[in-house]
Amino acid sequence: MAEAVRRTLIRRLAPQGPPGHGRRPSALWLAALPVALILGPLLPGLYWALAPTLDAAVWQALWVDAQWPQALQATLLSALLGTALGVAIAAVLATLYYPSRRWADLQRRMPLLLSVPHAAFAVGLFFLLSPSGWLARALAQGLGWAEPPAWITVQDPYGLSLALALGIKESWFLLWVLVAVLGEQQVQRHMVVARSLGYSRVQAWRRVLWPQLLPRLGWPLAAVWAYGLSVVDMAVILGPGTPPTLAVLIWQWLIDPDAAMQAKGGAASLMLLALFLLGAGGAPRPWGPPRLFFTSLSG
């Protein structure tokens, strides 16, 4: 009797027609309405801010600017290396520790790691890695250094120290996303079944879990890529100085009282947006190179 009632309720509550039929337009409207309410009032101001960029002379001034090539190079290197390093750290920690007691300990410490401000983390890394920083001072006695070494360990022209900071900091965000996804019962059952079939932890991740999880990490990776391109506070502390990264250079141009410099900053902002879209266009399915990386983990 109970089984018959259950089947009747399922038939009555099940939506008619194919999945999503009749409800998709309303769902799209519900999603688009808040976006329109937020972005709608900004569109007129955005037009007036970007109207000077319609002049070809502004773009010509941007291309011939001596700071533009080096700033673009440092931005791309720091954003690409930072995103790749963040993915690698999060992937290695998840593959090695889930499921285990260490993963549970890491999950408990996640709020503390995420609460560290980006600028404060950059300052701490600056004091640690600078030629006269804590790491150099710890090695000075053993190596017989009488003065700081002539090394460029921070604020290097290629943005490598900035990439290191971005990779470490954004790996915590990606781990937080993985913690949320791995908490689902279906993922946990798949790991149990894979281990019961004789797969090692790394093999279970490579053959069972990563194919499920990677497509769901597209938008978080797009967020990491966007932050790497547009970060200002960490770039001011750890990034190159003259010229700085593209985000810092745009900020300097936009606050300049000269209208020509502001127009150039607006044009550079559009270029930064184009770089983000170019990288984020493959974010929902960026799993060619990462798949090779995860394959190599299993030996």
# chains A, B, ... in the order shown; residues from 1 in each chain; ligands from 1

call {"tool": "residues_around", "arguments": {"residues": "Asp233 in chain A", "least_positions_apart": "5", "cutoff": "9 Å", "atoms": "only C-alpha atoms", "output": "PyMOL selection string"}}
result
chain A and resi 118-119+122+238+248

call {"tool": "write_last_selection", "arguments": {"atoms": "N, CA, C and O atoms", "output": "PDB file, in the first residue's frame"}}
result
ATOM      1  N   HIS A 118      44.394  39.617   1.287  1.00  0.00           N
ATOM      2  CA  HIS A 118      45.392  39.476   0.234  1.00  0.00           C
ATOM      3  C   HIS A 118      46.581  40.413   0.468  1.00  0.00           C
ATOM      4  O   HIS A 118      47.738  40.013   0.301  1.00  0.00           O
ATOM      5  N   ALA A 119      46.295  41.650   0.829  1.00  0.00           N
ATOM      6  CA  ALA A 119      47.380  42.608   1.028  1.00  0.00           C
ATOM      7  C   ALA A 119      48.258  42.210   2.211  1.00  0.00           C
ATOM      8  O   ALA A 119      49.494  42.323   2.144  1.00  0.00           O
ATOM      9  N   ALA A 122      50.486  39.434   1.155  1.00  0.00           N
ATOM     10  CA  ALA A 122      51.551  39.934   0.284  1.00  0.00           C
ATOM     11  C   ALA A 122      52.642  40.622   1.095  1.00  0.00           C
ATOM     12  O   ALA A 122      53.840  40.461   0.815  1.00  0.00           O
ATOM     13  N   LEU A 238      54.145  43.339  -4.362  1.00  0.00           N
ATOM     14  CA  LEU A 238      55.067  42.316  -4.836  1.00  0.00           C
ATOM     15  C   LEU A 238      55.390  42.424  -6.318  1.00  0.00           C
ATOM     16  O   LEU A 238      56.364  41.817  -6.775  1.00  0.00           O
ATOM     17  N   VAL A 248      47.730  47.867 -12.296  1.00  0.00           N
ATOM     18  CA  VAL A 248      48.242  49.037 -11.578  1.00  0.00           C
ATOM     19  C   VAL A 248      48.439  50.204 -12.538  1.00  0.00           C
ATOM     20  O   VAL A 248      48.136  51.358 -12.200  1.00  0.00           O
TER      21      VAL A 248
END

call {"tool": "residues_around", "arguments": {"residues": "range 143-149 of chain A", "least_positions_apart": "4", "cutoff": "9 Å", "atoms": "only C-alpha atoms", "output": "short mmCIF file (atom, residue, chain, number, x, y, z; two decimals) with all heavy atoms, in the first residue's frame"}}
result
data_model
loop_
_atom_site.label_atom_id
_atom_site.label_comp_id
_atom_site.auth_asym_id
_atom_site.auth_seq_id
_atom_site.Cartn_x
_atom_site.Cartn_y
_atom_site.Cartn_z
N PRO A 131 65.49 40.45 -0.20
CA PRO A 131 66.92 40.17 0.03
C PRO A 131 67.37 40.40 1.47
O PRO A 131 68.34 39.78 1.91
CB PRO A 131 67.62 41.13 -0.94
CG PRO A 131 66.62 41.35 -2.03
CD PRO A 131 65.28 41.34 -1.36
N SER A 132 66.71 41.29 2.19
CA SER A 132 67.05 41.51 3.59
C SER A 132 65.95 40.99 4.51
O SER A 132 65.84 41.43 5.66
CB SER A 132 67.28 43.00 3.86
OG SER A 132 66.11 43.75 3.52
N GLY A 133 65.13 40.05 4.01
CA GLY A 133 64.00 39.56 4.77
C GLY A 133 64.37 38.45 5.74
O GLY A 133 65.55 38.14 5.98
N ALA A 136 66.41 35.38 4.31
CA ALA A 136 67.82 35.71 4.10
C ALA A 136 68.56 35.87 5.43
O ALA A 136 69.72 35.47 5.56
CB ALA A 136 67.94 36.99 3.27
N ARG A 137 67.91 36.45 6.42
CA ARG A 137 68.55 36.60 7.73
C ARG A 137 68.79 35.25 8.39
O ARG A 137 69.78 35.06 9.10
CB ARG A 137 67.69 37.48 8.63
CG ARG A 137 67.62 38.94 8.18
CD ARG A 137 66.62 39.74 9.00
NE ARG A 137 66.47 41.09 8.49
CZ ARG A 137 67.18 42.12 8.89
NH1 ARG A 137 68.10 41.95 9.84
NH2 ARG A 137 66.97 43.32 8.39
N LEU A 139 69.43 32.50 6.81
CA LEU A 139 70.52 31.83 6.11
C LEU A 139 71.85 32.57 6.20
O LEU A 139 72.89 32.02 5.83
CB LEU A 139 70.16 31.66 4.63
CG LEU A 139 68.93 30.80 4.32
CD1 LEU A 139 68.62 30.84 2.83
CD2 LEU A 139 69.13 29.37 4.80
#

call {"tool": "closest_atom_pairs", "arguments": {"of": "range 41-133 of chain A", "to": "range 200-216 of chain A", "cutoff": "10 Å", "atoms": "only C-alpha atoms", "output": "tab-separated table"}}
result
residue	atom	partner	partner_atom	distance
A:Ala91	CA	A:Trp210	CA	9.3
A:Val92	CA	A:Val202	CA	9.6
A:Ala94	CA	A:Trp205	CA	8.9
A:Thr95	CA	A:Val202	CA	6.0
A:Leu96	CA	A:Val202	CA	7.0
A:Tyr97	CA	A:Arg201	CA	8.7
A:Tyr98	CA	A:Arg201	CA	8.0
A:Pro99	CA	A:Arg201	CA	8.5

call {"tool": "write_last_selection", "arguments": {"atoms": "all heavy atoms", "output": "mmCIF file, in the first residue's frame"}}
result
data_model
loop_
_atom_site.group_PDB
_atom_site.id
_atom_site.type_symbol
_atom_site.label_atom_id
_atom_site.label_comp_id
_atom_site.auth_asym_id
_atom_site.auth_seq_id
_atom_site.Cartn_x
_atom_site.Cartn_y
_atom_site.Cartn_z
ATOM 1 N N ALA A 91 45.096 20.699 -6.363
ATOM 2 C CA ALA A 91 44.936 19.342 -6.892
ATOM 3 C C ALA A 91 45.801 18.345 -6.135
ATOM 4 O O ALA A 91 45.344 17.234 -5.810
ATOM 5 C CB ALA A 91 45.278 19.327 -8.380
ATOM 6 N N VAL A 92 47.035 18.709 -5.848
ATOM 7 C CA VAL A 92 47.927 17.795 -5.141
ATOM 8 C C VAL A 92 47.430 17.530 -3.727
ATOM 9 O O VAL A 92 47.395 16.377 -3.260
ATOM 10 C CB VAL A 92 49.358 18.358 -5.130
ATOM 11 C CG1 VAL A 92 50.245 17.562 -4.179
ATOM 12 C CG2 VAL A 92 49.950 18.330 -6.534
ATOM 13 N N ALA A 94 44.348 17.791 -2.543
ATOM 14 C CA ALA A 94 43.112 17.006 -2.569
ATOM 15 C C ALA A 94 43.391 15.554 -2.951
ATOM 16 O O ALA A 94 42.814 14.620 -2.366
ATOM 17 C CB ALA A 94 42.124 17.640 -3.550
ATOM 18 N N THR A 95 44.273 15.343 -3.924
ATOM 19 C CA THR A 95 44.552 13.981 -4.376
ATOM 20 C C THR A 95 45.262 13.172 -3.300
ATOM 21 O O THR A 95 44.985 11.980 -3.125
ATOM 22 C CB THR A 95 45.415 14.018 -5.651
ATOM 23 O OG1 THR A 95 44.717 14.760 -6.663
ATOM 24 C CG2 THR A 95 45.676 12.616 -6.168
ATOM 25 N N LEU A 96 46.157 13.791 -2.548
ATOM 26 C CA LEU A 96 46.935 13.068 -1.556
ATOM 27 C C LEU A 96 46.194 12.864 -0.243
ATOM 28 O O LEU A 96 46.417 11.847 0.439
ATOM 29 C CB LEU A 96 48.253 13.802 -1.291
ATOM 30 C CG LEU A 96 49.239 13.886 -2.456
ATOM 31 C CD1 LEU A 96 50.484 14.639 -2.037
ATOM 32 C CD2 LEU A 96 49.600 12.498 -2.970
ATOM 33 N N TYR A 97 45.312 13.778 0.130
ATOM 34 C CA TYR A 97 44.756 13.761 1.480
ATOM 35 C C TYR A 97 43.283 13.380 1.552
ATOM 36 O O TYR A 97 42.801 13.062 2.640
ATOM 37 C CB TYR A 97 44.947 15.121 2.157
ATOM 38 C CG TYR A 97 46.390 15.448 2.433
ATOM 39 C CD1 TYR A 97 46.836 16.760 2.441
ATOM 40 C CD2 TYR A 97 47.313 14.448 2.682
ATOM 41 C CE1 TYR A 97 48.167 17.061 2.685
ATOM 42 C CE2 TYR A 97 48.640 14.739 2.922
ATOM 43 C CZ TYR A 97 49.058 16.042 2.921
ATOM 44 O OH TYR A 97 50.377 16.337 3.159
ATOM 45 N N TYR A 98 42.532 13.423 0.448
ATOM 46 C CA TYR A 98 41.109 13.074 0.537
ATOM 47 C C TYR A 98 40.911 11.627 0.135
ATOM 48 O O TYR A 98 41.398 11.212 -0.935
ATOM 49 C CB TYR A 98 40.268 13.979 -0.362
ATOM 50 C CG TYR A 98 38.788 13.605 -0.357
ATOM 51 C CD1 TYR A 98 37.948 14.125 0.617
ATOM 52 C CD2 TYR A 98 38.259 12.735 -1.304
ATOM 53 C CE1 TYR A 98 36.611 13.773 0.641
ATOM 54 C CE2 TYR A 98 36.929 12.388 -1.291
ATOM 55 C CZ TYR A 98 36.099 12.902 -0.309
ATOM 56 O OH TYR A 98 34.776 12.558 -0.281
ATOM 57 N N PRO A 99 40.159 10.836 0.918
ATOM 58 C CA PRO A 99 39.647 11.158 2.246
ATOM 59 C C PRO A 99 40.626 10.672 3.327
ATOM 60 O O PRO A 99 41.118 9.562 3.265
ATOM 61 C CB PRO A 99 38.346 10.364 2.296
ATOM 62 C CG PRO A 99 38.612 9.165 1.431
ATOM 63 C CD PRO A 99 39.617 9.585 0.384
#

call {"tool": "residues_around", "arguments": {"residues": "range 154-171 of chain A", "least_positions_apart": "5", "cutoff": "9 Å", "atoms": "only C-alpha atoms", "output": "PyMOL selection string"}}
result
chain A and resi 70-71+73-75+77-91+113-114+116+118+121-122+125-126+129-131+176+224+227-228+234-245

call {"tool": "write_last_selection", "arguments": {"atoms": "N, CA and C atoms", "output": "CSV table (one decimal), in the first residue's frame"}}
result
chain,number,residue,atom,x,y,z
A,70,GLN,N,55.9,45.8,-21.5
A,70,GLN,CA,56.4,45.2,-20.3
A,70,GLN,C,55.3,45.0,-19.3
A,71,ALA,N,54.3,45.9,-19.1
A,71,ALA,CA,53.2,45.7,-18.2
A,71,ALA,C,52.3,44.6,-18.7
A,73,GLN,N,53.3,42.0,-20.4
A,73,GLN,CA,54.1,40.7,-20.2
A,73,GLN,C,54.0,40.3,-18.7
A,74,ALA,N,54.2,41.2,-17.8
A,74,ALA,CA,54.2,40.9,-16.4
A,74,ALA,C,52.8,40.5,-16.0
A,75,THR,N,51.8,41.1,-16.5
A,75,THR,CA,50.4,40.7,-16.1
A,75,THR,C,50.1,39.3,-16.6
A,77,LEU,N,52.2,36.8,-17.4
A,77,LEU,CA,53.0,35.8,-16.7
A,77,LEU,C,52.5,35.6,-15.3
A,78,SER,N,52.3,36.7,-14.5
A,78,SER,CA,51.8,36.5,-13.1
A,78,SER,C,50.4,35.9,-13.1
A,79,ALA,N,49.5,36.2,-13.9
A,79,ALA,CA,48.2,35.7,-13.9
A,79,ALA,C,48.2,34.2,-14.3
A,80,LEU,N,48.9,33.9,-15.4
A,80,LEU,CA,49.0,32.5,-15.9
A,80,LEU,C,49.7,31.6,-14.9
A,81,LEU,N,50.9,32.0,-14.4
A,81,LEU,CA,51.6,31.2,-13.5
A,81,LEU,C,50.9,31.1,-12.1
A,82,GLY,N,50.3,32.2,-11.7
A,82,GLY,CA,49.5,32.1,-10.4
A,82,GLY,C,48.3,31.2,-10.5
A,83,THR,N,47.6,31.2,-11.6
A,83,THR,CA,46.4,30.3,-11.7
A,83,THR,C,46.9,28.9,-11.8
A,84,ALA,N,48.0,28.6,-12.6
A,84,ALA,CA,48.5,27.3,-12.7
A,84,ALA,C,49.0,26.7,-11.4
A,85,LEU,N,49.7,27.6,-10.6
A,85,LEU,CA,50.2,27.2,-9.4
A,85,LEU,C,49.1,26.9,-8.4
A,86,GLY,N,48.1,27.8,-8.4
A,86,GLY,CA,46.9,27.5,-7.5
A,86,GLY,C,46.2,26.2,-7.8
A,87,VAL,N,46.0,25.9,-9.0
A,87,VAL,CA,45.4,24.7,-9.4
A,87,VAL,C,46.2,23.5,-9.0
A,88,ALA,N,47.6,23.6,-9.2
A,88,ALA,CA,48.4,22.5,-8.9
A,88,ALA,C,48.5,22.2,-7.4
A,89,ILE,N,48.5,23.3,-6.6
A,89,ILE,CA,48.6,23.1,-5.1
A,89,ILE,C,47.3,22.4,-4.6
A,90,ALA,N,46.1,23.0,-5.1
A,90,ALA,CA,44.9,22.4,-4.7
A,90,ALA,C,44.7,21.0,-5.1
A,91,ALA,N,45.1,20.7,-6.4
A,91,ALA,CA,44.9,19.3,-6.9
A,91,ALA,C,45.8,18.3,-6.1
A,113,LEU,N,42.3,30.2,6.8
A,113,LEU,CA,43.1,30.5,5.6
A,113,LEU,C,42.4,31.5,4.7
A,114,LEU,N,41.1,31.4,4.6
A,114,LEU,CA,40.4,32.3,3.7
A,114,LEU,C,40.3,33.7,4.2
A,116,VAL,N,42.5,35.4,5.7
A,116,VAL,CA,43.8,36.3,5.6
A,116,VAL,C,43.6,37.2,4.4
A,118,HIS,N,44.4,39.6,1.3
A,118,HIS,CA,45.4,39.5,0.2
A,118,HIS,C,46.6,40.4,0.5
A,121,PHE,N,48.8,39.2,3.3
A,121,PHE,CA,49.6,38.0,2.9
A,121,PHE,C,50.7,38.5,2.0
A,122,ALA,N,50.5,39.4,1.2
A,122,ALA,CA,51.6,39.9,0.3
A,122,ALA,C,52.6,40.6,1.1
A,125,LEU,N,54.7,37.9,2.8
A,125,LEU,CA,55.6,37.3,1.8
A,125,LEU,C,56.7,38.2,1.4
A,126,PHE,N,56.5,39.5,1.4
A,126,PHE,CA,57.5,40.4,1.0
A,126,PHE,C,58.6,40.4,2.1
A,129,LEU,N,60.6,37.0,1.7
A,129,LEU,CA,61.4,36.7,0.6
A,129,LEU,C,62.4,37.8,0.1
A,130,SER,N,62.2,39.0,0.7
A,130,SER,CA,63.1,40.1,0.2
A,130,SER,C,64.5,39.8,0.5
A,131,PRO,N,65.5,40.5,-0.2
A,131,PRO,CA,66.9,40.2,0.0
A,131,PRO,C,67.4,40.4,1.5
A,176,TRP,N,38.7,25.4,-1.0
A,176,TRP,CA,37.3,25.6,-0.4
A,176,TRP,C,36.2,25.2,-1.3
A,224,VAL,N,39.5,33.0,-10.5
A,224,VAL,CA,41.0,33.1,-10.1
A,224,VAL,C,41.7,33.8,-11.2
A,227,TYR,N,40.9,37.5,-11.1
A,227,TYR,CA,41.6,38.2,-10.0
A,227,TYR,C,43.1,38.4,-10.3
A,228,GLY,N,43.7,37.4,-10.9
A,228,GLY,CA,45.1,37.5,-11.3
A,228,GLY,C,45.4,38.6,-12.3
A,234,MET,N,48.0,43.5,-4.2
A,234,MET,CA,49.2,42.6,-4.2
A,234,MET,C,50.2,43.0,-5.2
A,235,ALA,N,49.8,43.5,-6.4
A,235,ALA,CA,50.7,43.9,-7.4
A,235,ALA,C,51.6,45.1,-7.0
A,236,VAL,N,51.0,46.0,-6.2
A,236,VAL,CA,51.7,47.2,-5.7
A,236,VAL,C,52.8,46.7,-4.8
A,237,ILE,N,52.5,45.7,-4.0
A,237,ILE,CA,53.5,45.2,-3.0
A,237,ILE,C,54.6,44.3,-3.5
A,238,LEU,N,54.1,43.3,-4.4
A,238,LEU,CA,55.1,42.3,-4.8
A,238,LEU,C,55.4,42.4,-6.3
A,239,GLY,N,54.6,43.2,-7.1
A,239,GLY,CA,54.8,43.2,-8.5
A,239,GLY,C,55.9,44.2,-8.9
A,240,PRO,N,56.2,44.2,-10.2
A,240,PRO,CA,57.2,45.1,-10.7
A,240,PRO,C,56.8,46.6,-10.5
A,241,GLY,N,57.9,47.5,-10.4
A,241,GLY,CA,57.6,48.9,-10.1
A,241,GLY,C,57.4,49.7,-11.4
A,242,THR,N,58.4,49.7,-12.2
A,242,THR,CA,58.4,50.6,-13.4
A,242,THR,C,58.9,49.8,-14.6
A,243,PRO,N,57.9,49.5,-15.5
A,243,PRO,CA,56.5,49.7,-15.3
A,243,PRO,C,55.8,48.6,-14.5
A,244,PRO,N,54.7,49.0,-13.9
A,244,PRO,CA,54.0,48.0,-13.0
A,244,PRO,C,53.2,47.0,-13.9
A,245,THR,N,52.4,46.2,-13.2
A,245,THR,CA,51.5,45.3,-14.0
A,245,THR,C,50.4,46.2,-14.6

call {"tool": "residues_around", "arguments": {"residues": "Ala268 in chain A", "least_positions_apart": "2", "cutoff": "9 Å", "atoms": "only C-alpha atoms", "output": "MDAnalysis selection string"}}
result
chainID A and resid 59 62 246:247 249:250 263:266 270:273

call {"tool": "atom_distance", "arguments": {"atom1": "CA of Met261 in chain A", "atom2": "CA of Ala57 in chain A"}}
result
11.9 Å

call {"tool": "select_by_dssp", "arguments": {"residues": "range 114-176 of chain A", "states": "helix (DSSP H, G or I)", "output": "VMD selection string"}}
result
chain A and resid 114 118 to 129 134 to 143 160 to 176

call {"tool": "atom_distance", "arguments": {"atom1": "CA of Phe127 in chain A", "atom2": "CA of Asp105 in chain A"}}
result
27.9 Å

call {"tool": "atom_distance", "arguments": {"atom1": "CA of Asp65 in chain A", "atom2": "CA of Asp256 in chain A"}}
result
15.5 Å
